[in-house]
Amino acid sequence: MSELPVLERELPADRPADPKSTAVAGQWRLIWLRFKRHRLALWSGAIVLLIYFVAVFSDFIAPTTAGYYNADYTYAPPQRIRLWGEDADGQRHLLFVYGYEASVDPIALTRTYEINEDEVIGIGFFVRGEPYRFWGLFPTDIHLFGPTEAGQPFYLFGADRLGRDVFSRTVHGTRVSMSIGLIGVAISLALGILLGGVSGLAGGWLDEVIQRVIEFLKSIPTIPLWMGLAAAIPLNIHPLIVYFWITVILSLIGWTDIARIVRGRFLALKTEDFVTAARLDGCGQQRIIWRHMVPSFMSHLIASTTLAIPAMILAETALSFLGIGLRPPVVSWGVLLKEAQSILAVANAPWLFLPGLAVIVAVLALNFLGDGLRDASDPYGN
């Protein structure tokens with residue numbers, strides 16, 4: 001009897017497979033291994049998680065509540081954090097900011113601020129400040145950081161026309177702006193999978209109707225469509241209802257791209273053997289879609305969803321900036337940027353544009369994360 005080939009002697013059949021070997025790795029493990037090599041996407045994912053952490057705990061992280069104001073510090077400039085300072089009582093602080101010295105022009109009636117280096121305002125952690133209800137449930141006044149003495153001026157991003165802290169309002173706006181993108185994409189994903197799946201599987205006149213509806217929605221100019229739908233929202237309804245309707249509006253516009261992707265995948269998969277076997281086994285249409293077909297390209301859906309969230313965030317920001325989206329007292333990044341529309345703000349208070357920096361960071365991080373997920377979803381690619 002001839003000897004076994006070397007390869008068979010080195011890898012006998014009874015040897016257990018190495019779970020770390022990519023030769024026997026499952027789809028999700030291959031995706032993760034490829035995603036880890038995309039350093040930019042990995043760091044972007046960490047930033048996205050941090051942003052959503054801020055959104056969940058925004059009441060605790062922000063130094064003040066969203067509605068707190070001090071009319072003595074209207075349009076106060078940003079304060080720079082410094083290291084190692086001693087206040088008037090001789091107490092030393094690791095982190096501190098200098099106070100303001102304000103003066104009012106008697107002719108122009110404008111207020112100007114100078115740095116007062118004699119006033120040292122210490123920064124502490126887990127300090128007491130403005131009372132709030134954590135997640136709307138638990139009353140407390142503990143904030144992650146802020147001035148060691150309540151009532152002292154503390155404006156890292158400056159103040160607006162009412163003396164409200166722009167940094168705190170930016171932190172509070174994270175919850176609305178990031179959640180509206182997440183919820184809106186979830187609704188769009190459900191609509192896209194359902195309608196795209198029906199279009200790809202059923203074909204015929206139903207496919208024609210769905211595709212013509214998609215083409216009609218994509219042919220309408222975006223801003224006039226937003227304005228028309230937003231104008232249908234009454235001005236006197238509760239802000240939470242406005243938030244709900246804005247989310248629905250963005251979802252009704254954003255499902256078309258996902259539906260096209262799903263339709264193309266279903267057209268490619270509906271003739272595969274496993275789909276034919278499921279149909280012969282008596283599975284219904286919904287079970288074939290959700291149990292057999294969708295899991296086979298779930299990685300592509302995850303990548304598409306991640307890339308769709310920035311579009312939702314930018315859409316909400318644009319709507320609120322134009323005054324046809326969310327309105328005060330709701331705090332979002334778009335609502336905050338609307339404060340910077342006046343010439344006075346551009347000339348005298350450019351720090352009112354700082355909430356736009358949060359939009360840029362969030363959108364870039366989500367885009368880089370989506371690019372990494374899209375590349376990793378094809379682990380056998382180059």
# chains A, B, ... in the order shown; residues from 1 in each chain; ligands from 1
$ select_by_dssp --residues "stretch 139-249 of chain A" --states "alpha helix (DSSP H)" --output "ChimeraX atom specification"
/A:166-202,204-219,222-231,239-249
$ write_last_selection --atoms "C-alpha atoms" --output "PDB file, in the first residue's frame"
ATOM      1  CA  VAL A 166     -23.392  76.517  24.292  1.00  0.00           C
ATOM      2  CA  PHE A 167     -21.286  73.517  25.342  1.00  0.00           C
ATOM      3  CA  SER A 168     -24.000  72.138  27.622  1.00  0.00           C
ATOM      4  CA  ARG A 169     -26.654  72.672  24.953  1.00  0.00           C
ATOM      5  CA  THR A 170     -24.431  70.923  22.384  1.00  0.00           C
ATOM      6  CA  VAL A 171     -24.132  67.934  24.717  1.00  0.00           C
ATOM      7  CA  HIS A 172     -27.909  67.889  25.222  1.00  0.00           C
ATOM      8  CA  GLY A 173     -28.443  68.206  21.459  1.00  0.00           C
ATOM      9  CA  THR A 174     -26.446  65.012  20.925  1.00  0.00           C
ATOM     10  CA  ARG A 175     -29.365  62.970  22.252  1.00  0.00           C
ATOM     11  CA  VAL A 176     -31.897  64.327  19.769  1.00  0.00           C
ATOM     12  CA  SER A 177     -29.652  64.551  16.702  1.00  0.00           C
ATOM     13  CA  MET A 178     -28.101  61.099  17.091  1.00  0.00           C
ATOM     14  CA  SER A 179     -31.319  59.342  18.078  1.00  0.00           C
ATOM     15  CA  ILE A 180     -33.301  60.828  15.202  1.00  0.00           C
ATOM     16  CA  GLY A 181     -30.737  59.356  12.804  1.00  0.00           C
ATOM     17  CA  LEU A 182     -30.824  55.960  14.523  1.00  0.00           C
ATOM     18  CA  ILE A 183     -34.625  55.729  14.770  1.00  0.00           C
ATOM     19  CA  GLY A 184     -35.130  57.136  11.284  1.00  0.00           C
ATOM     20  CA  VAL A 185     -32.742  54.616   9.745  1.00  0.00           C
ATOM     21  CA  ALA A 186     -34.406  51.779  11.682  1.00  0.00           C
ATOM     22  CA  ILE A 187     -37.778  52.706  10.159  1.00  0.00           C
ATOM     23  CA  SER A 188     -36.215  53.155   6.714  1.00  0.00           C
ATOM     24  CA  LEU A 189     -34.470  49.786   7.049  1.00  0.00           C
ATOM     25  CA  ALA A 190     -37.744  48.024   7.869  1.00  0.00           C
ATOM     26  CA  LEU A 191     -39.531  49.696   4.945  1.00  0.00           C
ATOM     27  CA  GLY A 192     -36.623  49.076   2.580  1.00  0.00           C
ATOM     28  CA  ILE A 193     -36.332  45.373   3.431  1.00  0.00           C
ATOM     29  CA  LEU A 194     -40.093  44.822   3.222  1.00  0.00           C
ATOM     30  CA  LEU A 195     -40.802  46.727   0.003  1.00  0.00           C
ATOM     31  CA  GLY A 196     -37.487  45.859  -1.639  1.00  0.00           C
ATOM     32  CA  GLY A 197     -37.938  42.203  -0.762  1.00  0.00           C
ATOM     33  CA  VAL A 198     -41.487  42.109  -2.108  1.00  0.00           C
ATOM     34  CA  SER A 199     -40.354  43.919  -5.257  1.00  0.00           C
ATOM     35  CA  GLY A 200     -37.473  41.520  -5.869  1.00  0.00           C
ATOM     36  CA  LEU A 201     -39.399  38.331  -5.087  1.00  0.00           C
ATOM     37  CA  ALA A 202     -42.824  39.055  -6.533  1.00  0.00           C
ATOM     38  CA  GLY A 204     -44.435  41.652 -12.315  1.00  0.00           C
ATOM     39  CA  TRP A 205     -46.765  44.593 -11.822  1.00  0.00           C
ATOM     40  CA  LEU A 206     -45.967  44.847  -8.099  1.00  0.00           C
ATOM     41  CA  ASP A 207     -42.284  45.316  -8.866  1.00  0.00           C
ATOM     42  CA  GLU A 208     -43.165  47.953 -11.469  1.00  0.00           C
ATOM     43  CA  VAL A 209     -45.348  49.912  -9.023  1.00  0.00           C
ATOM     44  CA  ILE A 210     -42.747  49.895  -6.236  1.00  0.00           C
ATOM     45  CA  GLN A 211     -39.928  50.895  -8.573  1.00  0.00           C
ATOM     46  CA  ARG A 212     -41.967  53.733 -10.080  1.00  0.00           C
ATOM     47  CA  VAL A 213     -42.771  55.011  -6.560  1.00  0.00           C
ATOM     48  CA  ILE A 214     -39.047  54.929  -5.719  1.00  0.00           C
ATOM     49  CA  GLU A 215     -38.175  56.812  -8.901  1.00  0.00           C
ATOM     50  CA  PHE A 216     -40.897  59.382  -8.194  1.00  0.00           C
ATOM     51  CA  LEU A 217     -39.634  60.021  -4.655  1.00  0.00           C
ATOM     52  CA  LYS A 218     -36.009  60.277  -5.818  1.00  0.00           C
ATOM     53  CA  SER A 219     -36.940  62.713  -8.604  1.00  0.00           C
ATOM     54  CA  THR A 222     -35.173  67.271  -1.508  1.00  0.00           C
ATOM     55  CA  ILE A 223     -35.556  70.677   0.150  1.00  0.00           C
ATOM     56  CA  PRO A 224     -38.983  71.516  -1.399  1.00  0.00           C
ATOM     57  CA  LEU A 225     -40.181  68.060  -0.399  1.00  0.00           C
ATOM     58  CA  TRP A 226     -38.980  68.598   3.173  1.00  0.00           C
ATOM     59  CA  MET A 227     -40.583  72.023   3.282  1.00  0.00           C
ATOM     60  CA  GLY A 228     -43.901  70.683   2.003  1.00  0.00           C
ATOM     61  CA  LEU A 229     -44.016  67.814   4.479  1.00  0.00           C
ATOM     62  CA  ALA A 230     -42.806  69.927   7.404  1.00  0.00           C
ATOM     63  CA  ALA A 231     -45.408  72.615   6.627  1.00  0.00           C
ATOM     64  CA  PRO A 239     -42.323  69.241  20.698  1.00  0.00           C
ATOM     65  CA  LEU A 240     -42.183  65.457  21.141  1.00  0.00           C
ATOM     66  CA  ILE A 241     -44.891  65.085  18.485  1.00  0.00           C
ATOM     67  CA  VAL A 242     -42.821  67.322  16.185  1.00  0.00           C
ATOM     68  CA  TYR A 243     -39.808  65.079  16.873  1.00  0.00           C
ATOM     69  CA  PHE A 244     -41.889  62.031  15.949  1.00  0.00           C
ATOM     70  CA  TRP A 245     -43.183  63.540  12.711  1.00  0.00           C
ATOM     71  CA  ILE A 246     -39.747  64.768  11.626  1.00  0.00           C
ATOM     72  CA  THR A 247     -38.444  61.224  12.167  1.00  0.00           C
ATOM     73  CA  VAL A 248     -41.298  59.810  10.081  1.00  0.00           C
ATOM     74  CA  ILE A 249     -40.689  62.369   7.311  1.00  0.00           C
TER      75      ILE A 249
END
$ residues_around --residues "stretch 75-85 of chain A" --least-positions-apart "5" --cutoff "12 Å" --atoms "only C-alpha atoms" --output "JSON, numbers by chain"
{"A": [69, 70, 90, 91, 92, 93, 94, 95, 96, 97, 98, 99, 100, 101, 102, 103, 110, 111, 112, 113, 114, 115, 116, 117, 118, 119, 120, 121, 122, 123, 124, 146, 147, 153, 154, 155, 156, 157, 158, 159, 160, 161, 162, 163, 164, 165, 166, 167, 339, 340, 344, 345, 346, 347, 348, 349, 350, 351, 352, 354]}
$ residues_around --residues "stretch 34-43 of chain A" --least-positions-apart "4" --cutoff "7 Å" --atoms "only C-alpha atoms" --output "short mmCIF file (atom, residue, chain, number, x, y, z; two decimals) with N, CA and C atoms, in the first residue's frame"
data_model
loop_
_atom_site.label_atom_id
_atom_site.label_comp_id
_atom_site.auth_asym_id
_atom_site.auth_seq_id
_atom_site.Cartn_x
_atom_site.Cartn_y
_atom_site.Cartn_z
N LEU A 30 -14.90 36.27 9.86
CA LEU A 30 -14.11 36.82 8.76
C LEU A 30 -14.33 38.32 8.64
N ILE A 47 -15.24 56.29 18.36
CA ILE A 47 -15.79 57.65 18.48
C ILE A 47 -17.31 57.62 18.43
N PHE A 368 -16.69 56.91 8.01
CA PHE A 368 -15.51 56.04 8.05
C PHE A 368 -15.87 54.66 8.58
N LEU A 369 -16.74 54.61 9.59
CA LEU A 369 -17.19 53.32 10.12
C LEU A 369 -17.96 52.55 9.04
N GLY A 372 -15.56 51.10 6.50
CA GLY A 372 -14.89 49.91 7.02
C GLY A 372 -15.79 48.69 7.04
N LEU A 373 -17.06 48.88 7.44
CA LEU A 373 -18.01 47.78 7.46
C LEU A 373 -18.32 47.29 6.04
N ALA A 376 -15.35 45.27 4.98
CA ALA A 376 -15.26 44.03 5.73
C ALA A 376 -16.38 43.06 5.41
N PRO A 379 -15.39 39.64 2.99
CA PRO A 379 -14.10 39.20 3.50
C PRO A 379 -13.25 38.46 2.49
#
$ atom_distance --atom1 "atom CA of A:Gly151" --atom2 "atom CA of A:Asp59"
17.7 Å
$ closest_residue --among "A:Leu322, A:Ile261, A:Leu357, A:Met293" --to "A:Lys338" --atoms "only C-alpha atoms"
A:Leu322
$ select_by_dssp --residues "stretch 69-311 of chain A" --states "strand (DSSP E or B)" --output "PyMOL selection string"
chain A and resi 69+82-86+92-104+111-134+138-147+159+164-165
$ write_last_selection --atoms "C-alpha atoms" --output "PDB file, in the first residue's frame"
ATOM      1  CA  TYR A  69     -29.320  80.939  31.514  1.00  0.00           C
ATOM      2  CA  ARG A  82      -5.818  75.897  32.288  1.00  0.00           C
ATOM      3  CA  LEU A  83      -3.645  73.829  34.630  1.00  0.00           C
ATOM      4  CA  TRP A  84      -2.686  74.517  38.244  1.00  0.00           C
ATOM      5  CA  GLY A  85      -4.221  77.672  39.619  1.00  0.00           C
ATOM      6  CA  GLU A  86      -4.902  79.196  43.018  1.00  0.00           C
ATOM      7  CA  ARG A  92      -5.214  75.217  44.530  1.00  0.00           C
ATOM      8  CA  HIS A  93      -6.984  73.618  41.549  1.00  0.00           C
ATOM      9  CA  LEU A  94      -5.638  71.170  38.988  1.00  0.00           C
ATOM     10  CA  LEU A  95      -8.014  72.533  36.325  1.00  0.00           C
ATOM     11  CA  PHE A  96      -9.438  76.032  36.264  1.00  0.00           C
ATOM     12  CA  VAL A  97     -10.650  78.867  34.050  1.00  0.00           C
ATOM     13  CA  TYR A  98     -10.321  82.598  34.471  1.00  0.00           C
ATOM     14  CA  GLY A  99     -13.401  84.704  35.128  1.00  0.00           C
ATOM     15  CA  TYR A 100     -14.788  87.594  33.092  1.00  0.00           C
ATOM     16  CA  GLU A 101     -14.652  91.329  33.523  1.00  0.00           C
ATOM     17  CA  ALA A 102     -17.602  92.776  31.611  1.00  0.00           C
ATOM     18  CA  SER A 103     -18.139  96.356  30.457  1.00  0.00           C
ATOM     19  CA  VAL A 104     -21.075  97.933  28.604  1.00  0.00           C
ATOM     20  CA  ARG A 111     -21.232  94.232  26.214  1.00  0.00           C
ATOM     21  CA  THR A 112     -17.543  93.362  25.953  1.00  0.00           C
ATOM     22  CA  TYR A 113     -15.606  90.887  28.048  1.00  0.00           C
ATOM     23  CA  GLU A 114     -12.000  90.811  29.206  1.00  0.00           C
ATOM     24  CA  ILE A 115     -10.203  87.973  30.958  1.00  0.00           C
ATOM     25  CA  ASN A 116      -9.936  88.601  34.686  1.00  0.00           C
ATOM     26  CA  GLU A 117      -6.821  86.716  35.811  1.00  0.00           C
ATOM     27  CA  ASP A 118      -7.502  87.671  39.424  1.00  0.00           C
ATOM     28  CA  GLU A 119     -10.614  85.461  39.420  1.00  0.00           C
ATOM     29  CA  VAL A 120      -9.744  81.762  39.321  1.00  0.00           C
ATOM     30  CA  ILE A 121     -12.702  79.427  38.882  1.00  0.00           C
ATOM     31  CA  GLY A 122     -11.819  75.873  39.823  1.00  0.00           C
ATOM     32  CA  ILE A 123     -13.133  72.909  37.856  1.00  0.00           C
ATOM     33  CA  GLY A 124     -14.184  69.823  39.780  1.00  0.00           C
ATOM     34  CA  PHE A 125     -15.650  66.434  38.998  1.00  0.00           C
ATOM     35  CA  PHE A 126     -18.969  65.116  40.285  1.00  0.00           C
ATOM     36  CA  VAL A 127     -19.929  68.589  41.404  1.00  0.00           C
ATOM     37  CA  ARG A 128     -23.335  69.910  42.393  1.00  0.00           C
ATOM     38  CA  GLY A 129     -25.083  72.224  39.967  1.00  0.00           C
ATOM     39  CA  GLU A 130     -28.464  72.809  38.391  1.00  0.00           C
ATOM     40  CA  PRO A 131     -31.031  70.172  39.446  1.00  0.00           C
ATOM     41  CA  TYR A 132     -32.432  67.875  36.774  1.00  0.00           C
ATOM     42  CA  ARG A 133     -34.191  64.530  36.413  1.00  0.00           C
ATOM     43  CA  PHE A 134     -31.825  61.819  35.189  1.00  0.00           C
ATOM     44  CA  PHE A 138     -34.463  60.378  39.146  1.00  0.00           C
ATOM     45  CA  PRO A 139     -34.066  63.908  40.568  1.00  0.00           C
ATOM     46  CA  THR A 140     -30.433  64.862  41.177  1.00  0.00           C
ATOM     47  CA  ASP A 141     -28.038  67.793  40.881  1.00  0.00           C
ATOM     48  CA  ILE A 142     -24.754  65.905  40.337  1.00  0.00           C
ATOM     49  CA  HIS A 143     -22.857  66.739  37.121  1.00  0.00           C
ATOM     50  CA  LEU A 144     -19.763  65.029  35.748  1.00  0.00           C
ATOM     51  CA  PHE A 145     -17.739  68.246  35.862  1.00  0.00           C
ATOM     52  CA  GLY A 146     -18.244  71.950  36.312  1.00  0.00           C
ATOM     53  CA  PRO A 147     -17.265  74.885  38.528  1.00  0.00           C
ATOM     54  CA  ALA A 159     -22.694  81.742  25.711  1.00  0.00           C
ATOM     55  CA  ARG A 164     -26.999  79.901  27.975  1.00  0.00           C
ATOM     56  CA  ASP A 165     -23.974  77.599  27.911  1.00  0.00           C
TER      57      ASP A 165
END
$ atom_distance --atom1 "atom CA of A:Ala46" --atom2 "atom CA of A:Val361"
12.2 Å
$ atom_distance --atom1 "atom CA of A:Ser299" --atom2 "atom CA of A:Leu314"
24.1 Å
$ closest_residue --among "A:Thr256, A:Gly136, A:Ser44, A:Ser251" --to "A:Val56" --atoms "only C-alpha atoms"
A:Gly136
